[in-house]
file my_file-v2.cif (mmCIF, C-alpha atoms and all ligand atoms)
data_coords
#
loop_
_atom_site.label_atom_id
_atom_site.label_comp_id
_atom_site.auth_asym_id
_atom_site.auth_seq_id
_atom_site.Cartn_x
_atom_site.Cartn_y
_atom_site.Cartn_z
CA MET A 1 -79.53 217.92 18.36
CA ASN A 2 -76.17 217.89 20.08
CA GLN A 3 -73.07 215.90 19.26
CA MET A 4 -69.64 215.05 20.63
CA GLN A 5 -66.71 212.90 19.63
CA LEU A 6 -63.83 211.73 21.76
CA LYS A 7 -60.76 209.59 21.15
CA PHE A 8 -58.82 208.06 24.01
CA LEU A 9 -56.42 205.18 24.59
CA ALA A 10 -57.68 201.69 25.43
CA ARG A 11 -56.35 201.76 28.97
CA SER A 12 -58.26 200.57 32.01
CA GLU A 13 -58.26 203.96 33.75
CA ASN A 14 -60.26 205.36 30.83
CA GLU A 15 -63.31 203.18 31.56
CA ASN A 16 -64.35 205.48 34.38
CA PHE A 17 -63.42 208.54 32.32
CA ALA A 18 -65.66 207.44 29.45
CA ARG A 19 -68.71 206.61 31.56
CA ASN A 20 -68.56 209.93 33.36
CA VAL A 21 -68.10 211.89 30.12
CA VAL A 22 -71.21 210.26 28.65
CA ALA A 23 -73.18 210.87 31.85
CA ALA A 24 -72.20 214.55 31.79
CA PHE A 25 -73.13 214.85 28.11
CA ALA A 26 -76.52 213.21 28.75
CA LEU A 27 -77.49 215.46 31.69
CA PRO A 28 -79.29 218.12 29.61
CA LEU A 29 -81.74 215.41 28.50
CA ASN A 30 -82.82 215.22 32.14
CA PRO A 31 -82.39 211.49 32.67
CA THR A 32 -83.49 209.83 35.89
CA LEU A 33 -80.75 208.44 38.13
CA SER A 34 -81.75 204.97 37.07
CA GLU A 35 -81.57 205.83 33.36
CA LEU A 36 -78.19 207.45 33.86
CA SER A 37 -76.93 204.43 35.74
CA ASP A 38 -78.10 202.15 32.88
CA VAL A 39 -76.16 204.23 30.36
CA LYS A 40 -73.03 204.29 32.52
CA THR A 41 -73.16 200.52 32.97
CA ALA A 42 -73.52 199.95 29.23
CA ILE A 43 -70.66 202.33 28.40
CA SER A 44 -68.45 200.58 30.94
CA GLU A 45 -69.10 197.23 29.29
CA ALA A 46 -68.48 198.54 25.76
CA VAL A 47 -65.29 200.39 26.67
CA THR A 48 -64.01 197.52 28.82
CA ASN A 49 -64.44 195.19 25.84
CA CYS A 50 -62.22 197.44 23.71
CA ILE A 51 -59.65 197.58 26.51
CA VAL A 52 -59.66 193.86 27.26
CA HIS A 53 -60.28 192.25 23.87
CA ALA A 54 -59.45 194.58 20.98
CA TYR A 55 -55.73 195.20 21.30
CA PRO A 56 -52.70 193.10 22.26
CA ALA A 57 -51.83 193.36 25.96
CA ASP A 58 -48.53 195.10 25.26
CA GLU A 59 -49.85 197.88 23.04
CA SER A 60 -52.89 200.06 23.47
CA GLY A 61 -54.86 201.48 20.57
CA TRP A 62 -57.56 204.09 20.22
CA ILE A 63 -61.16 203.96 21.31
CA THR A 64 -63.52 206.40 19.63
CA LEU A 65 -66.66 207.48 21.45
CA GLU A 66 -69.38 209.42 19.74
CA CYS A 67 -72.64 210.68 21.24
CA VAL A 68 -75.55 212.30 19.46
CA THR A 69 -78.75 213.50 21.05
CA GLU A 70 -81.99 213.47 19.12
CA GLY A 71 -85.02 214.63 21.10
CA ASP A 72 -85.18 212.45 24.24
CA THR A 73 -82.81 209.87 22.78
CA LEU A 74 -79.07 209.52 23.26
CA HIS A 75 -77.22 207.63 20.53
CA ILE A 76 -73.78 206.27 21.44
CA THR A 77 -71.11 204.71 19.24
CA VAL A 78 -68.06 203.00 20.73
CA SER A 79 -65.48 201.77 18.24
CA ASP A 80 -61.99 200.35 18.17
CA SER A 81 -59.54 199.48 15.39
CA GLY A 82 -58.53 196.21 17.02
CA LYS A 83 -58.62 192.57 16.09
CA GLY A 84 -62.35 192.29 15.50
CA ILE A 85 -64.73 189.42 16.29
CA ALA A 86 -64.61 186.24 14.20
CA ASP A 87 -68.01 184.83 15.19
CA LEU A 88 -70.42 187.57 16.17
CA GLU A 89 -73.33 185.26 16.91
CA GLN A 90 -71.20 183.30 19.36
CA ALA A 91 -69.82 186.49 20.95
CA LEU A 92 -73.34 187.84 21.54
CA ALA A 93 -74.57 184.69 23.27
CA PRO A 94 -75.02 185.12 27.04
CA PHE A 95 -72.14 183.62 29.04
CA TYR A 96 -69.85 183.25 26.02
CA THR A 97 -66.35 184.59 26.71
CA SER A 98 -63.09 184.01 24.88
CA LEU A 99 -61.26 184.64 28.18
CA PRO A 100 -62.80 182.22 30.70
CA ASP A 101 -59.49 181.99 32.60
CA GLU A 102 -59.55 185.71 33.38
CA GLU A 103 -62.81 185.48 35.32
CA ARG A 104 -64.85 187.09 32.56
CA SER A 105 -68.50 186.09 32.74
CA GLY A 106 -69.37 186.67 29.09
CA MET A 107 -72.23 188.98 30.00
CA GLY A 108 -71.01 192.33 28.60
CA PHE A 109 -73.05 192.32 25.39
CA THR A 110 -76.08 190.93 27.20
CA ILE A 111 -75.88 193.73 29.76
CA MET A 112 -75.65 196.36 27.00
CA GLN A 113 -78.74 194.91 25.31
CA THR A 114 -80.67 194.75 28.58
CA PHE A 115 -79.87 198.24 29.83
CA MET A 116 -80.24 200.17 26.59
CA SER A 117 -83.21 200.77 24.26
CA GLY A 118 -81.23 200.03 21.11
CA PHE A 119 -78.14 197.92 20.49
CA SER A 120 -76.18 196.67 17.50
CA VAL A 121 -72.64 195.58 16.81
CA GLU A 122 -70.57 195.39 13.65
CA SER A 123 -67.15 193.82 13.51
CA GLU A 124 -64.58 192.84 10.95
CA GLN A 125 -61.53 190.75 11.74
CA GLY A 126 -58.35 192.78 11.60
CA VAL A 127 -60.30 196.00 11.12
CA GLY A 128 -62.19 196.59 14.36
CA THR A 129 -65.47 196.58 16.20
CA THR A 130 -68.23 199.16 16.44
CA VAL A 131 -70.99 199.01 19.04
CA LYS A 132 -74.00 201.28 18.62
CA MET A 133 -76.42 201.83 21.45
CA SER A 134 -79.26 204.20 22.15
CA LYS A 135 -81.26 205.14 25.20
CA LYS A 136 -84.60 206.90 25.15
CA PHE A 137 -85.06 208.89 28.34
CA GLY A 138 -88.46 209.26 29.95
CA ALA A 139 -89.68 206.10 28.24
CA ARG A 140 -91.58 205.02 31.37
CA THR A 141 -95.23 205.87 31.70
CA ASN A 142 -95.59 205.93 35.51
CA GLY A 143 -94.71 209.55 36.28
CA ASN A 144 -91.22 210.85 36.76
CA ALA A 145 -90.21 209.86 40.27
CA ARG A 146 -86.47 209.80 40.65
N1 LIG B 1 -64.15 195.18 21.09
C1 LIG B 1 -63.93 193.85 20.94
N2 LIG B 1 -62.89 193.40 20.18
C2 LIG B 1 -62.66 192.06 20.03
N3 LIG B 1 -63.42 191.10 20.59
C3 LIG B 1 -64.48 191.49 21.36
C4 LIG B 1 -64.78 192.87 21.57
N4 LIG B 1 -65.88 192.95 22.37
C5 LIG B 1 -66.23 191.69 22.62
N5 LIG B 1 -65.41 190.79 22.03
C6 LIG B 1 -65.53 189.31 22.06
O1 LIG B 1 -66.87 189.00 22.42
C7 LIG B 1 -66.89 188.17 23.59
C8 LIG B 1 -68.12 188.48 24.42
O2 LIG B 1 -68.06 189.80 24.97
P1 LIG B 1 -68.80 190.09 26.35
O3 LIG B 1 -68.54 191.50 26.74
O4 LIG B 1 -70.22 189.65 26.23
O5 LIG B 1 -68.09 189.08 27.37
P2 LIG B 1 -66.64 189.19 28.04
O6 LIG B 1 -66.04 190.54 27.77
O7 LIG B 1 -65.85 188.02 27.60
O8 LIG B 1 -66.97 189.04 29.59
P3 LIG B 1 -67.57 190.18 30.56
O9 LIG B 1 -67.99 191.34 29.70
O10 LIG B 1 -68.72 189.55 31.27
O11 LIG B 1 -66.41 190.54 31.45
C9 LIG B 1 -65.57 188.45 24.28
O12 LIG B 1 -65.16 187.37 25.10
C10 LIG B 1 -64.63 188.66 23.09
O13 LIG B 1 -64.18 187.44 22.57
MG MG B 2 -67.10 192.26 28.13
#

call {"tool": "encode", "arguments": {"input": "my_file-v2.cif", "output": "structure tokens", "more": "lines below"}}
Ligand SMILES: Nc1ncnc2c1ncn2[C@@H]1O[C@H](COP(=O)(O)OP(=O)(O)OP(=O)(O)O)[C@@H](O)[C@H]1O
Ligand SMILES: [Mg+2]
result
Amino acid sequence: MNQMQLKFLARSENENFARNVVAAFALPLNPTLSELSDVKTAISEAVTNCIVHAYPADESGWITLECVTEGDTLHITVSDSGKGIADLEQALAPFYTSLPDEERSGMGFTIMQTFMSGFSVESEQGVGTTVKMSKKFGARTNGNAR
């Protein structure tokens, strides 16, 4: 078991920071390049959501990132203390976006679900949003070609 926690501002330059931190933390679990790329993509989507949706444009709040390893599995929690999501079912639907004018495709949550082994989201209006994801490395059965 290994664990880390990180708090950083919801600013766009921290998307790349966060995905690379998680990739570095996951390396001892010996992920394939494809598994690592899945995790980085999912982290990007989760962190971008906090940056784009959680806080007002003129003030940035905190994003908390927590990673825990358990055997071959990496558990990740991304949370913000922003405005929260009023209708979670609607937000999770593929292609739903509350910002269609900003060229958002509404696919962030769908991508997280597709690329990770586990996914859940909890949100309360005015309190914040927490996304939990997990990825089991080496889940494939056809050898370990990279
Ligand atoms: N952290 C968050 N805080 C507040 N609202 C959120 C948060 N994350 C997602 N949402 C809401 O859920 C909707 C769906 O999120 P999703 O990531 O699937 O799509 P998107 O961010 O709108 O578009 P895309 O991710 O394709 O750029 C968002 O449009 C937004 O209304
Ligand atoms: Mg998104």

call {"tool": "residues_around", "arguments": {"input": "my_file-v2.cif", "residues": "Cys67 of chain A", "least_positions_apart": "6", "cutoff": "6 Å", "atoms": "all atoms listed in the file", "output": "list of chain:residue names"}}
result
A:Gln3, A:Met4, A:His75, A:Ile76

call {"tool": "residues_near_ligand", "arguments": {"input": "my_file-v2.cif", "ligand": "ligand LIG 1 (chain B)", "cutoff": "7 Å", "atoms": "only C-alpha atoms and all ligand atoms", "output": "PyMOL selection string"}}
result
chain A and resi 45+49-50+53-54+80+82-85+91-92+94-99+104-110+128-129

call {"tool": "closest_residue", "arguments": {"input": "my_file-v2.cif", "among": "A:Val121, A:Ala57, A:Ile111, A:Ile63", "to": "Ala18 of chain A", "atoms": "all atoms listed in the file"}}
result
A:Ile63

call {"tool": "residues_around", "arguments": {"input": "my_file-v2.cif", "residues": "Leu65 of chain A", "least_positions_apart": "4", "cutoff": "6 Å", "atoms": "all atoms listed in the file", "output": "PyMOL selection string"}}
result
chain A and resi 5-6+77-78

call {"tool": "closest_residue", "arguments": {"input": "my_file-v2.cif", "among": "A:Met116, A:Ala10, A:Val52, A:Met1", "to": "Ala139 of chain A", "atoms": "all atoms listed in the file"}}
result
A:Met116

call {"tool": "atom_distance", "arguments": {"input": "my_file-v2.cif", "atom1": "atom CA of Ala86 of chain A", "atom2": "atom CA of Glu124 of chain A"}}
result
7.4 Å

call {"tool": "closest_residue", "arguments": {"input": "my_file-v2.cif", "among": "A:Ser134, A:Ser81, A:Gln90, A:Thr48", "to": "ligand MG 2 (chain B)", "atoms": "only C-alpha atoms and all ligand atoms"}}
result
A:Thr48

call {"tool": "atom_distance", "arguments": {"input": "my_file-v2.cif", "atom1": "atom CA of Ala24 of chain A", "atom2": "atom CA of Gly118 of chain A"}}
result
20.2 Å

call {"tool": "closest_residue", "arguments": {"input": "my_file-v2.cif", "among": "A:Thr73, A:Ser34, A:Ser117, A:Ser44", "to": "ligand MG 2 (chain B)", "atoms": "only C-alpha atoms and all ligand atoms"}}
result
A:Ser44

call {"tool": "axis_aligned_box", "arguments": {"input": "my_file-v2.cif", "around": "segment 80-97 of chain A", "padding_each_side": "4 Å", "output": "AutoDock Vina command-line options"}}
result
--center_x -66.8 --center_y 191.8 --center_z 21.6 --size_x 24.5 --size_y 25.1 --size_z 22.8

call {"tool": "closest_residue", "arguments": {"input": "my_file-v2.cif", "among": "A:Phe25, A:Thr32, A:Asp38, A:Asp87", "to": "Val68 of chain A", "atoms": "only C-alpha atoms"}}
result
A:Phe25

call {"tool": "closest_residue", "arguments": {"input": "my_file-v2.cif", "among": "A:Thr64, A:Arg11, A:Glu70, A:Gly138", "to": "Asn30 of chain A", "atoms": "all atoms listed in the file"}}
result
A:Gly138

call {"tool": "residues_around", "arguments": {"input": "my_file-v2.cif", "residues": "Glu35 of chain A", "least_positions_apart": "6", "cutoff": "12 Å", "atoms": "only C-alpha atoms", "output": "list in words"}}
result
Ala23, Ala26, Leu27, Leu29, Thr41, Ala42, Asp72, Thr73, Leu74, Phe115, Met116, Ser117, Ser134, Lys135, Lys136, Phe137, Gly138, Ala139, Arg140, Asn144, Ala145 and Arg146 of chain A

call {"tool": "atom_distance", "arguments": {"input": "my_file-v2.cif", "atom1": "atom CA of Met112 of chain A", "atom2": "atom CA of Val39 of chain A"}}
result
8.6 Å

call {"tool": "build_atoms", "arguments": {"input": "my_file-v2.cif", "residues": "segment 59-84 of chain A", "atoms": "N, CA, C and O atoms", "output": "tab-separated table (two decimals), in the coordinates of the input"}}
result
chain	number	residue	atom	x	y	z
A	59	GLU	N	-49.72	196.61	23.76
A	59	GLU	CA	-49.85	197.88	23.04
A	59	GLU	C	-51.30	198.34	23.06
A	59	GLU	O	-52.22	197.56	22.81
A	60	SER	N	-51.51	199.60	23.41
A	60	SER	CA	-52.89	200.06	23.47
A	60	SER	C	-53.21	200.91	22.26
A	60	SER	O	-52.38	201.69	21.79
A	61	GLY	N	-54.40	200.73	21.75
A	61	GLY	CA	-54.86	201.48	20.57
A	61	GLY	C	-55.93	202.48	20.97
A	61	GLY	O	-56.21	202.67	22.15
A	62	TRP	N	-56.56	203.06	19.96
A	62	TRP	CA	-57.56	204.09	20.22
A	62	TRP	C	-58.97	203.52	20.38
A	62	TRP	O	-59.33	202.56	19.71
A	63	ILE	N	-59.71	204.18	21.22
A	63	ILE	CA	-61.16	203.96	21.31
A	63	ILE	C	-61.81	205.28	20.90
A	63	ILE	O	-61.40	206.35	21.35
A	64	THR	N	-62.78	205.20	20.02
A	64	THR	CA	-63.52	206.40	19.63
A	64	THR	C	-64.93	206.32	20.20
A	64	THR	O	-65.59	205.29	20.09
A	65	LEU	N	-65.33	207.39	20.83
A	65	LEU	CA	-66.66	207.48	21.45
A	65	LEU	C	-67.41	208.63	20.80
A	65	LEU	O	-66.87	209.74	20.70
A	66	GLU	N	-68.59	208.35	20.34
A	66	GLU	CA	-69.38	209.42	19.74
A	66	GLU	C	-70.78	209.40	20.35
A	66	GLU	O	-71.37	208.34	20.53
A	67	CYS	N	-71.29	210.57	20.70
A	67	CYS	CA	-72.64	210.68	21.24
A	67	CYS	C	-73.42	211.71	20.44
A	67	CYS	O	-72.90	212.78	20.11
A	68	VAL	N	-74.66	211.38	20.16
A	68	VAL	CA	-75.55	212.30	19.46
A	68	VAL	C	-76.87	212.29	20.20
A	68	VAL	O	-77.38	211.22	20.56
A	69	THR	N	-77.42	213.46	20.46
A	69	THR	CA	-78.75	213.50	21.05
A	69	THR	C	-79.76	213.86	19.96
A	69	THR	O	-79.48	214.65	19.06
A	70	GLU	N	-80.92	213.24	20.09
A	70	GLU	CA	-81.99	213.47	19.12
A	70	GLU	C	-83.29	213.43	19.92
A	70	GLU	O	-83.73	212.36	20.32
A	71	GLY	N	-83.85	214.59	20.22
A	71	GLY	CA	-85.02	214.63	21.10
A	71	GLY	C	-84.66	214.08	22.47
A	71	GLY	O	-83.69	214.51	23.09
A	72	ASP	N	-85.43	213.07	22.93
A	72	ASP	CA	-85.18	212.45	24.24
A	72	ASP	C	-84.22	211.27	24.15
A	72	ASP	O	-84.05	210.53	25.12
A	73	THR	N	-83.63	211.07	22.98
A	73	THR	CA	-82.81	209.87	22.78
A	73	THR	C	-81.33	210.21	22.66
A	73	THR	O	-80.95	211.16	21.98
A	74	LEU	N	-80.53	209.41	23.35
A	74	LEU	CA	-79.07	209.52	23.26
A	74	LEU	C	-78.55	208.35	22.44
A	74	LEU	O	-78.84	207.19	22.76
A	75	HIS	N	-77.84	208.67	21.36
A	75	HIS	CA	-77.22	207.63	20.53
A	75	HIS	C	-75.72	207.60	20.84
A	75	HIS	O	-75.08	208.65	20.85
A	76	ILE	N	-75.20	206.40	21.06
A	76	ILE	CA	-73.78	206.27	21.44
A	76	ILE	C	-73.10	205.27	20.51
A	76	ILE	O	-73.64	204.20	20.24
A	77	THR	N	-71.92	205.63	20.03
A	77	THR	CA	-71.11	204.71	19.24
A	77	THR	C	-69.76	204.54	19.91
A	77	THR	O	-69.10	205.53	20.24
A	78	VAL	N	-69.37	203.30	20.15
A	78	VAL	CA	-68.06	203.00	20.73
A	78	VAL	C	-67.32	202.13	19.73
A	78	VAL	O	-67.79	201.04	19.39
A	79	SER	N	-66.18	202.60	19.23
A	79	SER	CA	-65.48	201.77	18.24
A	79	SER	C	-63.99	201.67	18.51
A	79	SER	O	-63.39	202.55	19.11
A	80	ASP	N	-63.44	200.55	18.07
A	80	ASP	CA	-61.99	200.35	18.17
A	80	ASP	C	-61.48	199.89	16.81
A	80	ASP	O	-62.25	199.50	15.94
A	81	SER	N	-60.17	199.95	16.63
A	81	SER	CA	-59.54	199.48	15.39
A	81	SER	C	-58.70	198.24	15.70
A	81	SER	O	-57.58	198.09	15.20
A	82	GLY	N	-59.26	197.38	16.53
A	82	GLY	CA	-58.53	196.21	17.02
A	82	GLY	C	-58.75	194.97	16.17
A	82	GLY	O	-59.04	195.04	14.98
A	83	LYS	N	-58.68	193.83	16.82
A	83	LYS	CA	-58.62	192.57	16.09
A	83	LYS	C	-59.96	192.12	15.51
A	83	LYS	O	-59.99	191.28	14.61
A	84	GLY	N	-61.06	192.68	16.03
A	84	GLY	CA	-62.35	192.29	15.50
A	84	GLY	C	-62.85	190.98	16.09
A	84	GLY	O	-62.15	190.32	16.86
